[in-house]
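As provided, my_file.pdb (PDB, C-alpha atoms) reads as follows.
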```pdb
ATOM      1  CA  MET A 101     -11.661 -16.098  22.884  1.00  0.00           C
ATOM      2  CA  PHE A 102      -8.423 -15.116  21.211  1.00  0.00           C
ATOM      3  CA  PHE A 103      -6.178 -16.525  23.946  1.00  0.00           C
ATOM      4  CA  MET A 104      -5.754 -19.615  21.719  1.00  0.00           C
ATOM      5  CA  GLY A 105      -4.659 -17.548  18.755  1.00  0.00           C
ATOM      6  CA  THR A 106      -6.673 -16.092  15.921  1.00  0.00           C
ATOM      7  CA  ALA A 107      -6.510 -19.137  13.640  1.00  0.00           C
ATOM      8  CA  ASN A 108      -7.475 -21.567  16.410  1.00  0.00           C
ATOM      9  CA  ALA A 109     -10.355 -19.349  17.543  1.00  0.00           C
ATOM     10  CA  PHE A 110     -11.560 -19.211  13.937  1.00  0.00           C
ATOM     11  CA  PHE A 111     -11.611 -23.001  13.634  1.00  0.00           C
ATOM     12  CA  VAL A 112     -13.551 -23.384  16.887  1.00  0.00           C
ATOM     13  CA  ALA A 113     -15.995 -20.669  15.821  1.00  0.00           C
ATOM     14  CA  MET A 114     -16.538 -22.342  12.441  1.00  0.00           C
ATOM     15  CA  SER A 115     -17.387 -25.695  14.041  1.00  0.00           C
ATOM     16  CA  VAL A 116     -20.806 -24.405  15.147  1.00  0.00           C
ATOM     17  CA  PRO A 117     -22.204 -23.128  11.809  1.00  0.00           C
ATOM     18  CA  LEU A 118     -20.661 -26.030   9.906  1.00  0.00           C
ATOM     19  CA  SER A 119     -22.241 -28.660  12.140  1.00  0.00           C
ATOM     20  CA  MET A 120     -25.568 -26.791  12.090  1.00  0.00           C
ATOM     21  CA  CYS A 121     -25.612 -26.636   8.287  1.00  0.00           C
ATOM     22  CA  LEU A 122     -24.749 -30.306   7.967  1.00  0.00           C
ATOM     23  CA  ALA A 123     -27.393 -31.295  10.502  1.00  0.00           C
ATOM     24  CA  PHE A 124     -30.125 -29.261   8.816  1.00  0.00           C
ATOM     25  CA  LEU A 125     -29.174 -30.728   5.435  1.00  0.00           C
ATOM     26  CA  LEU A 126     -29.131 -34.321   6.693  1.00  0.00           C
ATOM     27  CA  MET A 127     -32.181 -34.230   8.970  1.00  0.00           C
ATOM     28  CA  PRO A 128     -34.833 -34.298   6.203  1.00  0.00           C
ATOM     29  CA  THR A 129     -33.057 -37.112   4.379  1.00  0.00           C
ATOM     30  CA  ILE A 130     -33.240 -39.431   7.394  1.00  0.00           C
ATOM     31  CA  GLY A 131     -36.791 -38.431   8.326  1.00  0.00           C
ATOM     32  CA  PHE A 132     -36.287 -36.218  11.387  1.00  0.00           C
ATOM     33  CA  THR A 133     -38.479 -33.200  11.955  1.00  0.00           C
ATOM     34  CA  LEU A 134     -37.708 -30.172  14.091  1.00  0.00           C
ATOM     35  CA  ASN A 135     -39.405 -30.428  17.462  1.00  0.00           C
ATOM     36  CA  MET A 136     -38.342 -29.468  20.972  1.00  0.00           C
ATOM     37  CA  ILE A 137     -36.661 -32.796  21.737  1.00  0.00           C
ATOM     38  CA  VAL A 138     -34.602 -32.722  18.539  1.00  0.00           C
ATOM     39  CA  LEU A 139     -33.614 -29.081  19.136  1.00  0.00           C
ATOM     40  CA  PHE A 140     -32.550 -29.853  22.705  1.00  0.00           C
ATOM     41  CA  GLY A 141     -30.459 -32.808  21.502  1.00  0.00           C
ATOM     42  CA  PHE A 142     -28.986 -30.578  18.809  1.00  0.00           C
ATOM     43  CA  LEU A 143     -28.044 -27.991  21.419  1.00  0.00           C
ATOM     44  CA  MET A 144     -26.373 -30.651  23.567  1.00  0.00           C
ATOM     45  CA  ALA A 145     -24.441 -32.014  20.592  1.00  0.00           C
ATOM     46  CA  LEU A 146     -23.240 -28.521  19.650  1.00  0.00           C
ATOM     47  CA  GLY A 147     -21.923 -28.046  23.176  1.00  0.00           C
ATOM     48  CA  ILE A 148     -19.997 -31.302  22.923  1.00  0.00           C
ATOM     49  CA  VAL A 149     -18.548 -30.335  19.517  1.00  0.00           C
ATOM     50  CA  VAL A 150     -17.339 -26.948  20.746  1.00  0.00           C
ATOM     51  CA  ASP A 151     -15.940 -28.390  23.975  1.00  0.00           C
ATOM     52  CA  ASP A 152     -14.045 -31.109  22.107  1.00  0.00           C
ATOM     53  CA  ALA A 153     -12.654 -28.591  19.623  1.00  0.00           C
ATOM     54  CA  ILE A 154     -11.350 -26.390  22.435  1.00  0.00           C
ATOM     55  CA  VAL A 155      -9.786 -29.351  24.266  1.00  0.00           C
ATOM     56  CA  VAL A 156      -8.019 -30.609  21.126  1.00  0.00           C
ATOM     57  CA  ILE A 157      -6.640 -27.158  20.291  1.00  0.00           C
ATOM     58  CA  GLU A 158      -5.447 -26.550  23.856  1.00  0.00           C
ATOM     59  CA  THR A 159      -3.752 -29.959  23.930  1.00  0.00           C
ATOM     60  CA  HIS A 160      -2.113 -29.306  20.569  1.00  0.00           C
ATOM     61  CA  THR A 161      -0.812 -25.910  21.700  1.00  0.00           C
ATOM     62  CA  ALA A 162       0.545 -27.321  24.966  1.00  0.00           C
ATOM     63  CA  SER A 163       2.203 -30.184  23.108  1.00  0.00           C
ATOM     64  CA  LEU A 164       3.876 -27.779  20.680  1.00  0.00           C
ATOM     65  CA  GLN A 165       5.196 -25.718  23.585  1.00  0.00           C
ATOM     66  CA  THR A 166       6.902 -28.797  25.052  1.00  0.00           C
ATOM     67  CA  GLY A 167       8.964 -29.114  21.878  1.00  0.00           C
ATOM     68  CA  LYS A 168       7.168 -31.804  19.894  1.00  0.00           C
ATOM     69  CA  PHE A 169       6.964 -31.523  16.130  1.00  0.00           C
ATOM     70  CA  ASP A 170       3.681 -30.421  14.563  1.00  0.00           C
ATOM     71  CA  HIS A 171       2.725 -33.796  13.036  1.00  0.00           C
ATOM     72  CA  GLU A 172       3.606 -35.665  16.228  1.00  0.00           C
ATOM     73  CA  SER A 173       1.652 -33.176  18.300  1.00  0.00           C
ATOM     74  CA  ARG A 174      -1.479 -33.525  16.166  1.00  0.00           C
ATOM     75  CA  LYS A 175      -1.456 -37.300  16.488  1.00  0.00           C
ATOM     76  CA  ASP A 176      -1.053 -37.128  20.266  1.00  0.00           C
ATOM     77  CA  CYS A 177      -3.805 -34.596  20.891  1.00  0.00           C
ATOM     78  CA  CYS A 178      -6.430 -36.510  18.903  1.00  0.00           C
ATOM     79  CA  ARG A 179      -6.114 -39.679  20.973  1.00  0.00           C
TER      80      ARG A 179
END
```

For the structure just supplied, provide its representation as structure tokens.
Amino acid sequence: MFFMGTANAFFVAMSVPLSMCLAFLLMPTIGFTLNMIVLFGFLMALGIVVDDAIVVIETHTASLQTGKFDHESRKDCCR
């Protein structure tokens, strides 16, 4: 997990608890209850969040290694 660097691995690891906390705080306000279908959808969404975070960080790192500036690299990898 640390092949991306410690800071990048930390940000990817924090995406899971942060999105879980936000989802559990927002679910009662919009009227959702916890059942098997909601939990399965939640699991799928967490997989997408983690996958996207890894792809963005890998793209950013590769872009920095080609010599782009940090701000330019961030804009390119989020497209």

request  = Pick out the closest residue to Val155 of chain A from this set: A:Cys121, A:Ala107, A:His171, A:Val112. Count all atoms listed in the file.
outcome  =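 Using all atoms listed in the file, the shortest distance to Val155 of chain A belongs to A:Val112.
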
key: Separation of atom CA of Ala153 of chain A from atom CA of Leu139 of chain A, in Å and rounded to one decimal   =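 These atoms are spaced 21.0 Å apart.
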
note = Atom pair atom CA of Ile157 of chain A + atom CA of Val116 of chain A, distance 15.3 Å

ask   = Please, what distance in Å, to one decimal, runs between atom CA of Ala113 of chain A and atom CA of Asp151 of chain A?
value = 11.2 Å

ask   = Nearest to Leu122 of chain A among A:Met136, A:Leu146, A:Phe110, A:Cys177, with distances taken over all atoms listed in the file: which residue is it?
value =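 Using all atoms listed in the file, Leu122 of chain A sits closest to A:Leu146.
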
ask   = When distances are computed from all atoms listed in the file, which of A:Asn108, A:Asn135, A:Ser119, A:Thr129 shows the smallest separation from Val156 of chain A?
value =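 The answer is A:Asn108, which sits nearest to Val156 of chain A.
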
task = May I ask which of the residues A:Phe124, A:Arg179, A:Gly167, A:Ser115 is the closest one to Val138 of chain A, counting all atoms listed in the file?
result =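 Going through A:Phe124, A:Arg179, A:Gly167, A:Ser115 one by one, the smallest distance to Val138 of chain A is for A:Phe124.
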